[in-house]
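What follows is a short report on a single structure.
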Amino acid sequence: MGRRARGRRQPQRRQPEDAEDGAEGGGKRGDAGWEGGYPEIVKENQLFEHYYRELKIVPEGEWDQFMAALREPLPATLRITGYKSHAKEILHCLKNKYFKELEDLEVDGQKVEVPQPLSWYPEELAWHTNLSRKILRKSPQLEKFHQFLVSETESGNISRQEAVSMVPPLLLDVQPHHKILDMCAAPGSKTTQLIEMLHADMNVPFPEGFVIANDVDNKRCYLLVHQAKRLSSPCIMVVNHDASSIPRLTVDVEGRKEILFYDRILCDVPCSGDGTMRKNIDVWKKWSTLNSLQLHGLQLRIATRGAEQLAEGGRMVYSTCSLNPIEDEAVIASLLERSEGALELADVSGELPGLKWMPGVSQWKVMTRDGQWFADWDEVPHSRHTQIRPTMFPPKDPEKLQAMHLERCLRILPHHQNTGGFFVAVLVKKASMPWNKRQPKVQGRAAETRETSQSGPATPTEEKLSDPCELQNQTVTGTGDTEVTETPVSLENENKKDGVCGPPPSKKMKLFGFKEDPFVFIPEDDPLFPPIEKFYALDPSFPRMNLLTRTTEGKKRQLYMVSKELRNVLLNNSEKMKVINTGIKVWCRNNSGEEFDCAFRLAQEGIYTLYPFINSRIITISMEDVKILLTQENPFFRKLSSETYSQAKDLAKGSVVLKYEPDSANPDALQCPIVLCGWRGKASIRTFVPKNERLHYLRMMGLEALGEKKEELVLTSENVDDSLQPEDQGGAEPQAEPDPAVCDAVAAELPR
């Protein structure tokens with residue numbers, strides 16, 4: 001991508017920092033009361049108030065409450081990761097320990113309200129408090145609670161996410177078999193929600209669905225990787241493309257190349273961000289209508305590209321953190337008009353009971369930066385045509401406007417539930433987009449494809465209820481929803497090594513960002529795998545074809561695993577897609593591994609995915625054993641229970657699985673299963689668990705690591721990017737050693 005694409009990345013979603021607008025708006029700062037540096041920003045903007053008063057998006061009589069809410073700091077909100085088996089334990093710990101400690105507490109003269117669940121979020125998994133992020137970070141009385149939030153966030157058990165940001169994924173109505181595209185995904189809070197929904201059933205290690213998370217900014221993609229990695233899912237892929245021209249992918253379906261259409265698409269586009277004034281206070285001084293006018297075209301292109309790649313019967317959520325109709329209803333109205341009935345707005349008014357919102361507006365005007373209004377395109381002088389476009393205005397035809405049902409859009413106002421401002425629209429695809437009617441050109445098997453589409457089930461209902469693979473097959477071959485300019489899909493490249501998915505060859509891609517290592521799938525006859533299979537007695541159903549590594553030469557040091565569906569995507573699209581990251585680490589090589597029966601030890605990151613397939617080297621441990629193993633560096637066998645010793649004594653040295661099963665007869669004990677990676681040494685057992693995960697398990701068992709400092713909670717080499725990992729030393733990794741501070745803090749609480 002050249003200068004033009006890089007320029008597009010400047011207006012980011014949550015931190016509007018458009019240098020041009022700031023410079024151009026500099027002349028008006030005196031009139032708007034914007035003197036002073038950042039700490040002295042006055043939360044006033046006359047143009048903002050004039051604009052939104054005129055548009056009447058705030059109900060009559062509520063303007064003062066609306067403005068007062070915008071001037072207050074945004075409350076802290078958190079979300080408990082819903083798919084992990086110990087979500088209930090975290091919720092129990094929060095309610096009975098940390099929230100109780102906040103009762104009757106005063107900070108800087110302000111009484112701390114005990115956090116309350118968000119009424120519209122399922123199963124009490126999202127909470128909000130009147131504490132701002134600043135107070136949480138700096139108040140000594142809240143240090144323990146803040147440390148808990150930081151540590152659990154790093155472990156992937158809690159997400160600190162703005163309340164309104166949680167709405168779009170909920171309205172997508174994701175099922176575990178859905179193929180999902182997140183078009184503008186960074187920093188990744190919504191992406192993690194989507195991953196959680198895929199893994200609704202923890203007993204299924206490989207859901208049929210997957211999430212492809214995209215962002216145009218290469219650096220933000222790595223932030224996205226870090227967020228997604230916390231959830232340890234084999235069903236997530238991070239890619240780096242301009243969302244408005246994200247490539248159309250193909251997959252192999254029973255030997256045929258089919259175009260991939262997504263069942264769900266999240267289109268959370270870059271916006272002016274005036275709904276975020278409560279946390280990004282510099283929006284007060286930078287806000288002007290020019291931001292929205294400049295972004296409208298990009299937003300429409302991204303939404304259009306999303307609609308093109310949506311499967312029939314699929315659902316796309318368009319969202320912004322802007323209140324401006326130019327970025328909201330104008331984009332939706334234009335998209336609906338272009339679709340000629342292929343898209344329609346879904347009525348989701350009953351899907352989130354408890355959430356307060358205002359219906360979308362059907363009439364609005366366009367205002368320039370200097371305050372000039374236009375109600376219709378015909379009024380816009382020719383000199384303004386580059387800045388103001390016809391798609392920014394409501395449709396003229398009243399019948400067409402009414403048929404769009406723009407009132408089905410949701411606008412969330414800050415003063416209604418003490419949140420940020422937000423806009424959401426849910427679109428359902430009924431047919432192919434009008435410019436995509438032509439049959440796709442698939443070289444080699446085109447005739448067979450057409451025959452399949454004619455003989456297969458044809459009704460939308462049948463397609464909707466069928467197997468996801470069949471749905472994709474029928475949708476692709478039956479609708480022919482592809483661009484006329486689409487490059488014909490060629491047969492498998494014969495000159496490429498089998499199973500090697502390298503970075504795309506395009507020179508433009510190398511103008512910015514980092515060069516990614518290739519994704520190399522382990523061949524079926526690779527001699528590396530049989531010793532692993534034998535050592536861990538892997539089940540015959542283990543999907544060995546889904547194992548990959550990131551190197552084509554030398555020893556394979558890390559083995560990763562992806563789902564079958566993502567393997568299909570990787571193998572068929574490596575030339576057109578810039579993949580930043582995918583897969584979870586399941587095995588790591590030990591330098592001295594050749595001394596043992598297996599050169600690879602288990603990795604904690606992927607143990608919950610791998611565990612269902614392991615039939616050997618499993619040691620069942622008690623809760624007391626868990627405490628000892630997580631707080632002592634190399635506990636001897638004699639320190640563990642006799643049951644644990646009897647299981648471990650006959651095992652050969654090497655990697656083991658340590659499994660804790662809850663005792664239902666003892667309700668006071670930890671009631672969620674725990675699976676840990678360990679190492680059976682000559683006379684001792686140790687765990688290979690990152691620090692934050694150790695702290696998490698100890699907290700769930702009622703042990704608090706006292707005196708831990710925020711600066712100590714750094715990423716360990718167990719869960720950092722592989723390019724930064726040190727070489728393993730003799731089967732023992734630095735991050736696996738329990739932190740002395742943690743050991744000392746909890747040692748006194750352990751039974752003698």
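Labels used: A, B, ... for chains in the order of the structure tokens, numbers from 1 for residues in each chain, and numbers from 1 for ligands as shown.
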Could the residues of region 279-329 of chain A that have an atom at most 9 Å from region 269-273 of chain A be listed as CSV, each with its closest atom pair and the distance in Å to one decimal, counting only C-alpha atoms and ordered by chain and ascending residue number?
```
residue,atom,partner,partner_atom,distance
A:Asn280,CA,A:Gly273,CA,8.6
A:Val283,CA,A:Gly273,CA,7.6
A:Trp287,CA,A:Ser272,CA,7.9
A:Ser288,CA,A:Ser272,CA,8.9
A:Thr289,CA,A:Ser272,CA,8.9
A:Asn291,CA,A:Ser272,CA,5.6
A:Ser292,CA,A:Ser272,CA,5.9
A:Leu295,CA,A:Cys271,CA,6.6
A:His296,CA,A:Cys271,CA,8.4
A:Leu298,CA,A:Pro270,CA,8.4
A:Gln299,CA,A:Val269,CA,6.1
A:Ile302,CA,A:Val269,CA,7.4
A:Ala303,CA,A:Val269,CA,8.1
A:Tyr318,CA,A:Val269,CA,7.5
A:Ser319,CA,A:Val269,CA,6.6
A:Thr320,CA,A:Val269,CA,6.0
A:Cys321,CA,A:Gly273,CA,5.2
A:Ser322,CA,A:Gly273,CA,4.9
A:Leu323,CA,A:Gly273,CA,8.2
A:Asn324,CA,A:Ser272,CA,8.6
A:Glu327,CA,A:Cys271,CA,7.2
```
Can you pull out every residue within 7 Å of Lys190 (chain A), counting only C-alpha atoms, but drop anything in the same chain fewer than 2 positions away, and send it as a VMD selection string? chain A and resid 165 to 166 169 188 192 to 194
For this session: Would you mind writing down, as an MDAnalysis selection string, each residue of region 630-692 of chain A that DSSP on the backbone assigns to helix (DSSP H, G or I)?
Result: chainID A and resid 630:631 637:639 642:648 691:692
Could you write out the selected residues, including all heavy atoms, as a compact mmCIF listing (two decimals), in the first residue's frame?
```txt
# COMPACT_ATOMS: atom_id res chain seq x y z
N LEU A 630 2.25 -24.66 42.39
CA LEU A 630 2.24 -23.29 41.85
C LEU A 630 3.06 -22.32 42.70
O LEU A 630 3.27 -21.18 42.29
CB LEU A 630 0.80 -22.78 41.73
CG LEU A 630 -0.07 -23.47 40.67
CD1 LEU A 630 -1.49 -22.90 40.69
CD2 LEU A 630 0.52 -23.32 39.28
N THR A 631 3.49 -22.74 43.88
CA THR A 631 4.22 -21.81 44.75
C THR A 631 5.64 -22.27 45.07
O THR A 631 6.41 -21.52 45.63
CB THR A 631 3.47 -21.60 46.08
OG1 THR A 631 3.26 -22.89 46.69
CG2 THR A 631 2.13 -20.92 45.86
N PHE A 637 8.77 -35.24 45.41
CA PHE A 637 7.59 -36.11 45.46
C PHE A 637 7.00 -36.18 46.86
O PHE A 637 5.79 -36.22 47.04
CB PHE A 637 7.95 -37.53 44.99
CG PHE A 637 8.26 -37.62 43.52
CD1 PHE A 637 9.17 -38.56 43.05
CD2 PHE A 637 7.64 -36.79 42.60
CE1 PHE A 637 9.48 -38.66 41.70
CE2 PHE A 637 7.93 -36.88 41.25
CZ PHE A 637 8.85 -37.81 40.80
N ARG A 638 7.91 -36.20 47.89
CA ARG A 638 7.42 -36.38 49.27
C ARG A 638 6.55 -35.22 49.74
O ARG A 638 5.80 -35.36 50.71
CB ARG A 638 8.59 -36.58 50.23
CG ARG A 638 9.59 -35.45 50.24
CD ARG A 638 10.78 -35.75 51.17
NE ARG A 638 11.87 -34.83 51.00
CZ ARG A 638 11.90 -33.58 51.45
NH1 ARG A 638 10.87 -33.11 52.11
NH2 ARG A 638 12.96 -32.82 51.24
N LYS A 639 6.64 -34.05 49.07
CA LYS A 639 5.81 -32.91 49.46
C LYS A 639 4.40 -33.02 48.90
O LYS A 639 3.50 -32.30 49.32
CB LYS A 639 6.44 -31.60 48.98
CG LYS A 639 7.72 -31.24 49.71
CD LYS A 639 8.15 -29.83 49.36
CE LYS A 639 9.39 -29.41 50.14
NZ LYS A 639 9.80 -28.03 49.84
N SER A 642 0.19 -38.74 48.56
CA SER A 642 0.59 -40.10 48.23
C SER A 642 -0.04 -40.56 46.92
O SER A 642 0.56 -41.32 46.15
CB SER A 642 0.21 -41.05 49.37
OG SER A 642 -1.20 -40.97 49.62
N GLU A 643 -1.27 -40.09 46.65
CA GLU A 643 -1.94 -40.46 45.39
C GLU A 643 -1.17 -39.91 44.19
O GLU A 643 -1.00 -40.60 43.18
CB GLU A 643 -3.38 -39.92 45.38
CG GLU A 643 -4.32 -40.57 46.38
CD GLU A 643 -4.22 -39.94 47.75
OE1 GLU A 643 -3.41 -38.99 47.91
OE2 GLU A 643 -4.94 -40.40 48.65
N THR A 644 -0.70 -38.68 44.32
CA THR A 644 0.07 -38.08 43.23
C THR A 644 1.40 -38.80 43.05
O THR A 644 1.81 -39.10 41.92
CB THR A 644 0.31 -36.58 43.52
OG1 THR A 644 -0.95 -35.91 43.63
CG2 THR A 644 1.13 -35.93 42.42
N TYR A 645 2.06 -39.12 44.15
CA TYR A 645 3.35 -39.82 44.07
C TYR A 645 3.21 -41.19 43.40
O TYR A 645 4.03 -41.57 42.56
CB TYR A 645 3.95 -39.97 45.47
CG TYR A 645 5.19 -40.84 45.49
CD1 TYR A 645 6.36 -40.42 44.85
CD2 TYR A 645 5.19 -42.09 46.13
CE1 TYR A 645 7.50 -41.22 44.85
CE2 TYR A 645 6.32 -42.88 46.12
CZ TYR A 645 7.47 -42.45 45.48
OH TYR A 645 8.58 -43.24 45.46
N SER A 646 2.14 -41.92 43.76
CA SER A 646 1.96 -43.25 43.19
C SER A 646 1.76 -43.20 41.68
O SER A 646 2.15 -44.12 40.96
CB SER A 646 0.77 -43.95 43.86
OG SER A 646 -0.43 -43.25 43.58
N GLN A 647 1.16 -42.10 41.17
CA GLN A 647 0.96 -41.96 39.72
C GLN A 647 2.26 -41.53 39.02
O GLN A 647 2.52 -41.94 37.89
CB GLN A 647 -0.11 -40.90 39.42
CG GLN A 647 -1.50 -41.24 39.95
CD GLN A 647 -2.44 -40.06 39.77
OE1 GLN A 647 -2.88 -39.73 38.67
NE2 GLN A 647 -2.76 -39.39 40.88
N ALA A 648 3.08 -40.74 39.72
CA ALA A 648 4.26 -40.16 39.08
C ALA A 648 5.48 -41.07 39.12
O ALA A 648 6.34 -41.01 38.23
CB ALA A 648 4.61 -38.83 39.74
N LYS A 691 3.31 -16.59 34.96
CA LYS A 691 3.06 -16.00 36.29
C LYS A 691 1.61 -15.59 36.50
O LYS A 691 1.01 -15.92 37.52
CB LYS A 691 3.97 -14.79 36.49
CG LYS A 691 3.69 -14.07 37.79
CD LYS A 691 4.60 -12.89 38.01
CE LYS A 691 4.21 -12.16 39.27
NZ LYS A 691 5.09 -11.03 39.55
N ASN A 692 1.03 -14.87 35.54
CA ASN A 692 -0.33 -14.38 35.75
C ASN A 692 -1.34 -15.51 35.86
O ASN A 692 -2.33 -15.41 36.57
CB ASN A 692 -0.73 -13.42 34.62
CG ASN A 692 -0.05 -12.08 34.76
OD1 ASN A 692 -0.01 -11.51 35.83
ND2 ASN A 692 0.53 -11.59 33.67
```
task = Choose the residue, out of A:Thr386, A:Asn240, A:Thr687, A:Gln294, that has the smallest atom-to-atom separation from Met577 (chain A); count only C-alpha atoms.
result =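 Checking each candidate against Met577 (chain A), we get A:Asn240 as the closest.
If you count only C-alpha atoms and ignore residues fewer than 3 places along the chain from region 307-314 of chain A, what sits within 6 Å of it is Phe261, Tyr262, Asp263, Arg264, Thr304, Val428, Lys429, Lys430 and Ala431 of chain A.
Of the residues listed (A:Pro176, A:Leu571, A:Ile57, A:Arg699), A:Pro176 shows the shortest atom-to-atom separation from Pro205 (chain A); distances use only C-alpha atoms.
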